[in-house]
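query32.pdb follows (PDB, C-alpha atoms):
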ATOM      1  CA  MET A   1     -85.732 -64.771-118.522
ATOM      2  CA  ILE A   2     -82.469 -64.698-120.455
ATOM      3  CA  ALA A   3     -79.826 -67.209-119.402
ATOM      4  CA  LEU A   4     -76.458 -65.582-118.820
ATOM      5  CA  PRO A   5     -73.462 -67.263-120.451
ATOM      6  CA  LEU A   6     -71.163 -69.060-118.032
ATOM      7  CA  PRO A   7     -67.422 -69.503-118.397
ATOM      8  CA  ASP A   8     -66.800 -72.878-120.036
ATOM      9  CA  THR A   9     -63.715 -73.915-118.098
ATOM     10  CA  THR A  10     -62.832 -76.956-116.029
ATOM     11  CA  ARG A  11     -62.839 -74.891-112.826
ATOM     12  CA  ALA A  12     -66.283 -73.433-113.576
ATOM     13  CA  ARG A  13     -67.746 -76.850-114.350
ATOM     14  CA  VAL A  14     -66.356 -78.273-111.096
ATOM     15  CA  VAL A  15     -67.650 -75.358-109.010
ATOM     16  CA  TYR A  16     -71.158 -75.421-110.483
ATOM     17  CA  GLY A  17     -71.248 -79.209-110.261
ATOM     18  CA  LEU A  18     -70.350 -79.099-106.564
ATOM     19  CA  VAL A  19     -72.948 -76.396-105.930
ATOM     20  CA  GLY A  20     -75.632 -78.473-107.660
ATOM     21  CA  ALA A  21     -74.679 -81.667-105.808
ATOM     22  CA  THR A  22     -74.544 -79.910-102.431
ATOM     23  CA  THR A  23     -77.910 -78.264-103.002
ATOM     24  CA  THR A  24     -79.488 -81.597-103.924
ATOM     25  CA  ILE A  25     -78.078 -83.283-100.818
ATOM     26  CA  LEU A  26     -79.329 -80.470 -98.579
ATOM     27  CA  ILE A  27     -82.824 -80.649-100.074
ATOM     28  CA  ALA A  28     -82.908 -84.430 -99.586
ATOM     29  CA  GLU A  29     -81.709 -83.990 -96.001
ATOM     30  CA  LEU A  30     -84.501 -81.499 -95.285
ATOM     31  CA  LEU A  31     -87.131 -83.760 -96.854
ATOM     32  CA  VAL A  32     -86.103 -86.663 -94.620
ATOM     33  CA  ARG A  33     -85.623 -84.632 -91.426
ATOM     34  CA  SER A  34     -89.003 -82.938 -91.887
ATOM     35  CA  GLY A  35     -90.772 -86.291 -92.219
ATOM     36  CA  ILE A  36     -91.868 -85.810 -95.815
ATOM     37  CA  LEU A  37     -89.804 -88.868 -96.680
ATOM     38  CA  ASP A  38     -89.937 -91.870 -94.347
ATOM     39  CA  SER A  39     -86.515 -92.187 -92.719
ATOM     40  CA  ASP A  40     -87.111 -95.919 -92.177
ATOM     41  CA  TYR A  41     -86.801 -96.461 -95.915
ATOM     42  CA  VAL A  42     -84.964 -93.326 -97.075
ATOM     43  CA  PRO A  43     -82.168 -92.470 -94.622
ATOM     44  CA  PRO A  44     -80.846 -88.908 -94.571
ATOM     45  CA  PRO A  45     -77.899 -88.308 -96.896
ATOM     46  CA  SER A  46     -75.707 -87.354 -93.914
ATOM     47  CA  ALA A  47     -76.190 -90.823 -92.393
ATOM     48  CA  THR A  48     -75.638 -92.458 -95.784
ATOM     49  CA  LEU A  49     -72.391 -90.593 -96.387
ATOM     50  CA  ALA A  50     -71.204 -91.410 -92.873
ATOM     51  CA  GLU A  51     -71.921 -95.085 -93.527
ATOM     52  CA  LEU A  52     -70.061 -94.858 -96.824
ATOM     53  CA  ALA A  53     -67.051 -93.415 -94.983
ATOM     54  CA  ARG A  54     -67.228 -96.331 -92.541
ATOM     55  CA  LEU A  55     -67.382 -98.826 -95.384
ATOM     56  CA  ALA A  56     -64.377 -97.191 -97.022
ATOM     57  CA  SER A  57     -62.273 -98.224 -94.033
ATOM     58  CA  ASN A  58     -63.193-101.890 -94.545
ATOM     59  CA  PRO A  59     -60.891-103.898 -96.890
ATOM     60  CA  LEU A  60     -63.840-106.100 -97.887
ATOM     61  CA  PHE A  61     -65.559-103.058 -99.383
ATOM     62  CA  TRP A  62     -62.575-102.342-101.616
ATOM     63  CA  GLN A  63     -62.467-105.994-102.584
ATOM     64  CA  SER A  64     -66.063-105.653-103.808
ATOM     65  CA  VAL A  65     -65.138-102.461-105.677
ATOM     66  CA  GLY A  66     -62.254-104.321-107.298
ATOM     67  CA  ASN A  67     -64.517-107.184-108.362
ATOM     68  CA  THR A  68     -66.957-104.734-109.945
ATOM     69  CA  LEU A  69     -64.190-102.865-111.750
ATOM     70  CA  LEU A  70     -62.616-106.111-112.945
ATOM     71  CA  GLY A  71     -65.859-107.325-114.520
ATOM     72  CA  ALA A  72     -66.549-103.919-116.066
ATOM     73  CA  ALA A  73     -63.017-103.540-117.461
ATOM     74  CA  ALA A  74     -62.892-107.070-118.875
ATOM     75  CA  GLY A  75     -66.286-106.703-120.551
ATOM     76  CA  LEU A  76     -65.355-103.304-121.984
ATOM     77  CA  ALA A  77     -62.065-104.681-123.327
ATOM     78  CA  ILE A  78     -63.884-107.511-125.112
ATOM     79  CA  ALA A  79     -66.393-105.031-126.539
ATOM     80  CA  LEU A  80     -63.538-102.912-127.895
ATOM     81  CA  LEU A  81     -61.911-105.935-129.517
ATOM     82  CA  VAL A  82     -65.211-106.848-131.190
ATOM     83  CA  ALA A  83     -66.721-103.453-132.027
ATOM     84  CA  LEU A  84     -63.735-101.555-133.435
ATOM     85  CA  PRO A  85     -62.682-103.955-136.233
ATOM     86  CA  LEU A  86     -66.299-104.868-136.995
ATOM     87  CA  GLY A  87     -67.247-101.181-137.043
ATOM     88  CA  TYR A  88     -64.364-100.436-139.402
ATOM     89  CA  LEU A  89     -65.517-103.181-141.755
ATOM     90  CA  ILE A  90     -69.127-101.957-141.722
ATOM     91  CA  GLY A  91     -68.331 -98.253-141.784
ATOM     92  CA  THR A  92     -65.997 -98.418-144.786
ATOM     93  CA  ASN A  93     -68.151-100.630-146.984
ATOM     94  CA  SER A  94     -71.578 -99.358-148.051
ATOM     95  CA  TYR A  95     -72.802-102.811-149.092
ATOM     96  CA  ILE A  96     -71.982-104.338-145.707
ATOM     97  CA  TYR A  97     -73.388-101.258-143.950
ATOM     98  CA  HIS A  98     -76.809-101.533-145.582
ATOM     99  CA  ALA A  99     -76.848-105.321-145.205
ATOM    100  CA  THR A 100     -76.076-105.265-141.470
ATOM    101  CA  ARG A 101     -77.992-102.160-140.424
ATOM    102  CA  PRO A 102     -81.324-103.993-139.784
ATOM    103  CA  ILE A 103     -79.515-106.613-137.693
ATOM    104  CA  ILE A 104     -77.735-103.986-135.606
ATOM    105  CA  GLU A 105     -80.905-101.958-135.086
ATOM    106  CA  PHE A 106     -82.696-105.140-133.975
ATOM    107  CA  LEU A 107     -80.036-106.354-131.546
ATOM    108  CA  ARG A 108     -78.811-103.172-129.890
ATOM    109  CA  PRO A 109     -82.094-102.346-128.051
ATOM    110  CA  VAL A 110     -82.110-105.840-126.491
ATOM    111  CA  PRO A 111     -81.471-105.318-122.741
ATOM    112  CA  SER A 112     -78.523-107.294-121.432
ATOM    113  CA  VAL A 113     -80.514-108.313-118.350
ATOM    114  CA  ALA A 114     -82.821-110.297-120.625
ATOM    115  CA  LEU A 115     -79.834-112.506-121.438
ATOM    116  CA  VAL A 116     -79.145-113.384-117.782
ATOM    117  CA  PRO A 117     -80.773-116.861-118.020
ATOM    118  CA  VAL A 118     -78.703-117.653-121.107
ATOM    119  CA  ALA A 119     -75.520-116.362-119.474
ATOM    120  CA  VAL A 120     -76.110-118.379-116.310
ATOM    121  CA  LEU A 121     -76.846-121.561-118.260
ATOM    122  CA  MET A 122     -73.767-121.185-120.444
ATOM    123  CA  LEU A 123     -71.254-119.616-118.045
ATOM    124  CA  GLY A 124     -72.549-120.180-114.513
ATOM    125  CA  ILE A 125     -72.993-117.526-111.820
ATOM    126  CA  GLY A 126     -69.364-116.415-111.598
ATOM    127  CA  ILE A 127     -67.519-113.528-113.145
ATOM    128  CA  ASN A 128     -67.759-114.955-116.677
ATOM    129  CA  SER A 129     -71.494-114.255-116.861
ATOM    130  CA  LYS A 130     -70.923-110.705-115.641
ATOM    131  CA  ILE A 131     -68.226-110.127-118.265
ATOM    132  CA  PHE A 132     -70.488-111.492-121.001
ATOM    133  CA  LEU A 133     -73.369-109.181-120.062
ATOM    134  CA  VAL A 134     -71.086-106.151-119.841
ATOM    135  CA  ALA A 135     -69.469-106.973-123.186
ATOM    136  CA  PHE A 136     -72.843-107.393-124.893
ATOM    137  CA  ALA A 137     -74.143-104.058-123.586
ATOM    138  CA  CYS A 138     -70.949-102.132-124.398
ATOM    139  CA  THR A 139     -70.515-103.500-127.908
ATOM    140  CA  TRP A 140     -73.451-101.643-129.423
ATOM    141  CA  PRO A 141     -72.625 -98.007-128.579
ATOM    142  CA  LEU A 142     -69.013 -98.654-129.559
ATOM    143  CA  LEU A 143     -70.041-100.291-132.814
ATOM    144  CA  VAL A 144     -72.564 -97.601-133.733
ATOM    145  CA  GLN A 145     -70.195 -94.736-132.926
ATOM    146  CA  THR A 146     -67.401 -96.381-134.898
ATOM    147  CA  VAL A 147     -69.639 -96.866-137.921
ATOM    148  CA  TYR A 148     -71.013 -93.312-137.789
ATOM    149  CA  GLY A 149     -67.552 -91.867-137.280
ATOM    150  CA  LEU A 150     -66.153 -93.659-140.299
ATOM    151  CA  ARG A 151     -69.104 -92.751-142.485
ATOM    152  CA  ALA A 152     -68.728 -89.100-141.453
ATOM    153  CA  VAL A 153     -65.292 -88.904-143.069
ATOM    154  CA  ASP A 154     -65.327 -86.416-145.953
ATOM    155  CA  PRO A 155     -65.388 -88.534-149.149
ATOM    156  CA  THR A 156     -63.600 -85.735-151.020
ATOM    157  CA  LEU A 157     -60.562 -86.177-148.780
ATOM    158  CA  LEU A 158     -60.542 -89.918-149.396
ATOM    159  CA  ALA A 159     -60.960 -89.465-153.140
ATOM    160  CA  THR A 160     -58.107 -86.952-153.201
ATOM    161  CA  ALA A 161     -55.870 -89.269-151.213
ATOM    162  CA  GLN A 162     -56.659 -92.153-153.545
ATOM    163  CA  SER A 163     -56.021 -90.026-156.625
ATOM    164  CA  TYR A 164     -52.560 -89.207-155.284
ATOM    165  CA  ARG A 165     -52.089 -92.904-154.470
ATOM    166  CA  ILE A 166     -51.443 -92.273-150.802
ATOM    167  CA  PRO A 167     -50.955 -95.636-149.031
ATOM    168  CA  ALA A 168     -53.960 -97.039-147.166
ATOM    169  CA  ALA A 169     -52.089 -97.038-143.858
ATOM    170  CA  THR A 170     -51.353 -93.327-144.249
ATOM    171  CA  GLN A 171     -54.978 -92.614-145.131
ATOM    172  CA  ILE A 172     -56.124 -94.377-141.967
ATOM    173  CA  ARG A 173     -53.579 -92.563-139.795
ATOM    174  CA  SER A 174     -53.900 -89.081-141.296
ATOM    175  CA  ILE A 175     -57.502 -88.849-142.523
ATOM    176  CA  ILE A 176     -59.796 -91.559-141.170
ATOM    177  CA  LEU A 177     -58.692 -91.736-137.530
ATOM    178  CA  PRO A 178     -58.596 -87.948-136.940
ATOM    179  CA  ALA A 179     -62.085 -87.581-138.437
ATOM    180  CA  ALA A 180     -63.589 -90.547-136.574
ATOM    181  CA  SER A 181     -61.779 -90.138-133.246
ATOM    182  CA  PRO A 182     -64.409 -87.836-131.600
ATOM    183  CA  TYR A 183     -67.073 -90.457-132.340
ATOM    184  CA  LEU A 184     -64.846 -93.222-130.968
ATOM    185  CA  ALA A 185     -64.140 -91.211-127.823
ATOM    186  CA  THR A 186     -67.863 -90.675-127.259
ATOM    187  CA  GLY A 187     -68.526 -94.385-127.719
ATOM    188  CA  ILE A 188     -65.812 -95.305-125.213
ATOM    189  CA  ARG A 189     -67.089 -92.786-122.649
ATOM    190  CA  ILE A 190     -70.674 -94.034-122.941
ATOM    191  CA  SER A 191     -69.629 -97.671-122.842
ATOM    192  CA  ALA A 192     -67.395 -97.190-119.793
ATOM    193  CA  THR A 193     -70.356 -95.922-117.774
ATOM    194  CA  ILE A 194     -72.586 -98.683-119.139
ATOM    195  CA  ALA A 195     -69.933-101.211-118.087
ATOM    196  CA  ILE A 196     -70.165-100.104-114.439
ATOM    197  CA  VAL A 197     -73.974-100.111-114.515
ATOM    198  CA  LEU A 198     -74.149-103.577-116.069
ATOM    199  CA  ALA A 199     -71.510-104.995-113.751
ATOM    200  CA  VAL A 200     -73.475-103.872-110.683
ATOM    201  CA  THR A 201     -76.753-105.062-112.242
ATOM    202  CA  ALA A 202     -75.289-108.477-113.031
ATOM    203  CA  GLU A 203     -74.038-108.788-109.462
ATOM    204  CA  LEU A 204     -77.507-107.924-108.181
ATOM    205  CA  VAL A 205     -79.278-110.433-110.403
ATOM    206  CA  ILE A 206     -76.738-113.252-110.578
ATOM    207  CA  GLY A 207     -75.093-112.831-107.194
ATOM    208  CA  SER A 208     -71.514-112.717-108.409
ATOM    209  CA  PRO A 209     -69.061-110.901-106.088
ATOM    210  CA  GLY A 210     -69.077-107.113-106.185
ATOM    211  CA  ILE A 211     -70.947-104.025-105.066
ATOM    212  CA  GLY A 212     -74.214-105.350-106.502
ATOM    213  CA  ARG A 213     -74.141-108.485-104.365
ATOM    214  CA  ASP A 214     -73.360-106.377-101.288
ATOM    215  CA  ILE A 215     -76.417-104.251-102.059
ATOM    216  CA  LEU A 216     -78.525-107.404-102.295
ATOM    217  CA  LEU A 217     -77.177-108.675 -98.960
ATOM    218  CA  ALA A 218     -77.842-105.318 -97.283
ATOM    219  CA  GLN A 219     -81.429-105.365 -98.579
ATOM    220  CA  SER A 220     -81.930-108.925 -97.313
ATOM    221  CA  ASN A 221     -80.679-107.948 -93.859
ATOM    222  CA  GLY A 222     -82.782-104.795 -93.678
ATOM    223  CA  ALA A 223     -79.668-102.599 -93.491
ATOM    224  CA  PHE A 224     -81.113 -99.739 -95.506
ATOM    225  CA  VAL A 225     -78.444 -97.198 -94.572
ATOM    226  CA  THR A 226     -75.754 -99.600 -95.809
ATOM    227  CA  LEU A 227     -77.823-100.286 -98.912
ATOM    228  CA  TYR A 228     -78.014 -96.600 -99.814
ATOM    229  CA  ALA A 229     -74.328 -96.139 -99.005
ATOM    230  CA  LEU A 230     -73.462 -98.901-101.464
ATOM    231  CA  VAL A 231     -75.729 -97.320-104.082
ATOM    232  CA  PHE A 232     -73.846 -94.067-103.531
ATOM    233  CA  ALA A 233     -70.587 -95.992-103.912
ATOM    234  CA  ALA A 234     -71.720 -97.391-107.267
ATOM    235  CA  GLY A 235     -72.693 -93.894-108.395
ATOM    236  CA  PHE A 236     -69.382 -92.394-107.304
ATOM    237  CA  LEU A 237     -67.539 -95.218-109.055
ATOM    238  CA  ALA A 238     -69.340 -94.582-112.346
ATOM    239  CA  LEU A 239     -68.754 -90.836-111.956
ATOM    240  CA  ALA A 240     -65.030 -91.353-111.313
ATOM    241  CA  VAL A 241     -64.682 -93.575-114.379
ATOM    242  CA  ASN A 242     -66.547 -91.049-116.520
ATOM    243  CA  LEU A 243     -64.348 -88.172-115.313
ATOM    244  CA  LEU A 244     -61.176 -90.158-116.008
ATOM    245  CA  ILE A 245     -62.366 -90.967-119.523
ATOM    246  CA  GLN A 246     -63.252 -87.305-120.120
ATOM    247  CA  ARG A 247     -59.817 -86.177-118.941
ATOM    248  CA  ALA A 248     -58.119 -88.713-121.203
ATOM    249  CA  GLU A 249     -60.364 -87.630-124.075
ATOM    250  CA  ARG A 250     -59.444 -83.976-123.633
ATOM    251  CA  ALA A 251     -55.751 -84.869-123.518
ATOM    252  CA  VAL A 252     -55.876 -87.013-126.663
ATOM    253  CA  LEU A 253     -58.239 -84.733-128.623
ATOM    254  CA  ARG A 254     -56.914 -81.361-127.469
ATOM    255  CA  TRP A 255     -56.364 -80.503-131.154
ATOM    256  CA  HIS A 256     -60.079 -80.953-131.949
ATOM    257  CA  PRO A 257     -62.260 -77.786-132.062
ATOM    258  CA  SER A 258     -64.731 -79.277-129.560
ATOM    259  CA  HIS A 259     -62.007 -79.429-126.902
ATOM    260  CA  ARG A 260     -60.010 -76.282-127.584
ATOM    261  CA  SER A 261     -62.564 -73.953-126.006
ATOM    262  CA  THR A 262     -62.893 -76.038-122.823
ATOM    263  CA  ALA A 263     -59.263 -75.964-121.836
ATOM    264  CA  SER A 264     -58.511 -74.010-118.713
TER     265      SER A 264
END
structure tokens encoding of this file:
Amino acid sequence: MIALPLPDTTRARVVYGLVGATTTILIAELLVRSGILDSDYVPPPSATLAELARLASNPLFWQSVGNTLLGAAAGLAIALLVALPLGYLIGTNSYIYHATRPIIEFLRPVPSVALVPVAVLMLGIGINSKIFLVAFACTWPLLVQTVYGLRAVDPTLLATAQSYRIPAATQIRSIILPAASPYLATGIRISATIAIVLAVTAELVIGSPGIGRDILLAQSNGAFVTLYALVFAAGFLALAVNLLIQRAERAVLRWHPSHRSTAS
């Protein structure tokens, strides 16, 4: 069977995304209503969405959302402050790149959750531990993308600029940043989603305020519909952040070939 090409526009992506999401929800609803899935442990999506709408009218729910976003944003900001200058240093110096590559490849697969005991001992069970775990997880994709983006710059362009004695600041602004910016944008988009995931995970494990702690409380009380509604809320939150980052990326990189064809 030959796949037909689809129009690559924002409207088309939204329409097909909604169709896919609606179809998935309907299938899950049928599986629960038919008894294939136990409704005592897997409530129907209609009940979950109704519970989510009820939660959305509660100010305490939005306070939890704010706590999750605050921890995610603070951790991501710290990761940016660490990864971008460090990535520039590593990516523009071959000696430092080869010297640090084994260390980076060793540390970046380490799951942030494994550092929970260390974070709790050092920073307690408040928001500081959550920020630390988010920052640790977000640093690595940002660092790797920054390094790869800088090393992907055409050396001929740099050599030409140096031969004409173009100032370093101009080289960074006119050659390095335009070439590396798609990599940086990808790193930021990946890290933003990771920040939400790690913030919720830290709240689940540590018990710091946020959506994760509310999920834990709902599970303890046997409120499974509320539990699934909060899981949906975390998913919608990560999706919203990802869409905002994508929109900002398209606006900033509209000149790049990868974004010209997707404009609608």
Next item on the list: Find the residue from A:Tyr41, A:Tyr16, A:Tyr148, A:Tyr95 that sits nearest to Gln219 in chain A; use only C-alpha atoms when measuring.
Entry: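 Comparing A:Tyr41, A:Tyr16, A:Tyr148, A:Tyr95 against Gln219 in chain A, the winner is A:Tyr41.
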Next item on the list: Go ahead and compute the interatomic distance for CA of Arg213 in chain A and CA of Asp40 in chain A, in Å to one decimal.
Entry: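 Taking CA of Arg213 in chain A and CA of Asp40 in chain A, their separation equals 21.8 Å.
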Check: Any chance you could work out the residue set of the PyMOL selection byres ((chain A and resi 83) around 12) here, as a PyMOL selection string?
Finding: chain A and resi 75-82+84-91+104+135-147+184+187-188+191
Next item on the list: Please write as a list in words the full residue list that the PyMOL selection byres ((chain A and resi 123-125) around 12) yields on this file.
Entry: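 This file gives the following for the PyMOL selection byres ((chain A and resi 123-125) around 12): Leu115, Val116, Pro117, Val118, Ala119, Val120, Leu121, Met122, Gly126, Ile127, Asn128, Ser129, Lys130, Ile131, Phe132, Leu133, Ala202, Glu203, Leu204, Val205, Ile206, Gly207, Ser208, Pro209 and Arg213 of chain A.
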Selection above as a file: C-alpha atoms, as a tab-separated table (two decimals), keeping the file's coordinate frame:
chain	number	residue	atom	x	y	z
A	115	LEU	CA	-79.83	-112.51	-121.44
A	116	VAL	CA	-79.14	-113.38	-117.78
A	117	PRO	CA	-80.77	-116.86	-118.02
A	118	VAL	CA	-78.70	-117.65	-121.11
A	119	ALA	CA	-75.52	-116.36	-119.47
A	120	VAL	CA	-76.11	-118.38	-116.31
A	121	LEU	CA	-76.85	-121.56	-118.26
A	122	MET	CA	-73.77	-121.18	-120.44
A	126	GLY	CA	-69.36	-116.42	-111.60
A	127	ILE	CA	-67.52	-113.53	-113.14
A	128	ASN	CA	-67.76	-114.96	-116.68
A	129	SER	CA	-71.49	-114.26	-116.86
A	130	LYS	CA	-70.92	-110.70	-115.64
A	131	ILE	CA	-68.23	-110.13	-118.26
A	132	PHE	CA	-70.49	-111.49	-121.00
A	133	LEU	CA	-73.37	-109.18	-120.06
A	202	ALA	CA	-75.29	-108.48	-113.03
A	203	GLU	CA	-74.04	-108.79	-109.46
A	204	LEU	CA	-77.51	-107.92	-108.18
A	205	VAL	CA	-79.28	-110.43	-110.40
A	206	ILE	CA	-76.74	-113.25	-110.58
A	207	GLY	CA	-75.09	-112.83	-107.19
A	208	SER	CA	-71.51	-112.72	-108.41
A	209	PRO	CA	-69.06	-110.90	-106.09
A	213	ARG	CA	-74.14	-108.48	-104.36
Check: Could you work out how far CA of Ala161 in chain A lies from CA of Arg173 in chain A, giving the answer in Å with one decimal?
Finding: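 Between CA of Arg173 in chain A and CA of Ala161 in chain A the gap is 12.1 Å.
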Next item on the list: Have a look at CA of Val110 in chain A and CA of Ile194 in chain A and let me know their distance in Å, one decimal.
Entry: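 Distance between the two atoms: 14.0 Å.
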Margin query: So, with all atoms listed in the file as the atoms that count, which of A:Val42, A:Ile215, A:Ala223, A:Ile245 lies closest to Leu30 in chain A?
Written below: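 Looking only at the distances to Leu30 in chain A, the closest residue turns out to be A:Val42.
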Kindly compute an axis-aligned box around the listed atoms of range 244-256 of chain A, allowing 4 Å on each side, and express its centre and edge lengths in Å to one decimal as lines of an AutoDock Vina configuration file.
center_x = -59.5
center_y = -85.7
center_z = -124.0
size_x = 15.5
size_y = 18.5
size_z = 23.9
Next item on the list: Evaluate the PyMOL selection byres ((chain A and resi 224-226) around 9) here and jot the selected residues down as number ranges by chain.
Entry: A: 40-44, 47-48, 51-52, 55, 215, 218-219, 221-223, 227-231
Notebook entry, point to check: From the set A:Arg151, A:Leu37, A:Phe232, A:Leu253, which residue has the shortest atom-to-atom contact distance to Leu49 in chain A, counting only C-alpha atoms?
Noted result: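 Of A:Arg151, A:Leu37, A:Phe232, A:Leu253, the one nearest Leu49 in chain A is A:Phe232, counting only C-alpha atoms.
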Margin query: Using all atoms listed in the file, which protein or nucleic acid residues come within 8 Å of range 233-239 of chain A? Drop anything in the same chain fewer than 3 positions from it, and give the result as a ChimeraX atom specification.
Written below: /A:52,193,196-197,200,211,229-230,242-243
Note to self: Measuring between all atoms listed in the file, which one of A:Thr201, A:Ser46, A:Thr186, A:Ser220 shows the shortest distance to Arg250 in chain A?
What the structure shows: A:Thr186
Notebook entry, point to check: Which one is closest to Thr156 in chain A: A:Ile175, A:Ala28, A:Leu18, A:Ser94? Count all atoms listed in the file.
Noted result: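 Of the candidates, the smallest distance to Thr156 in chain A is held by A:Ile175.
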Item checked: Selected residue of minimal separation from Pro45 in chain A among A:Thr23, A:Ser181, A:Asn93, A:Asn67, counting all atoms listed in the file ->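 So, comparing all the options, the nearest one is A:Thr23.
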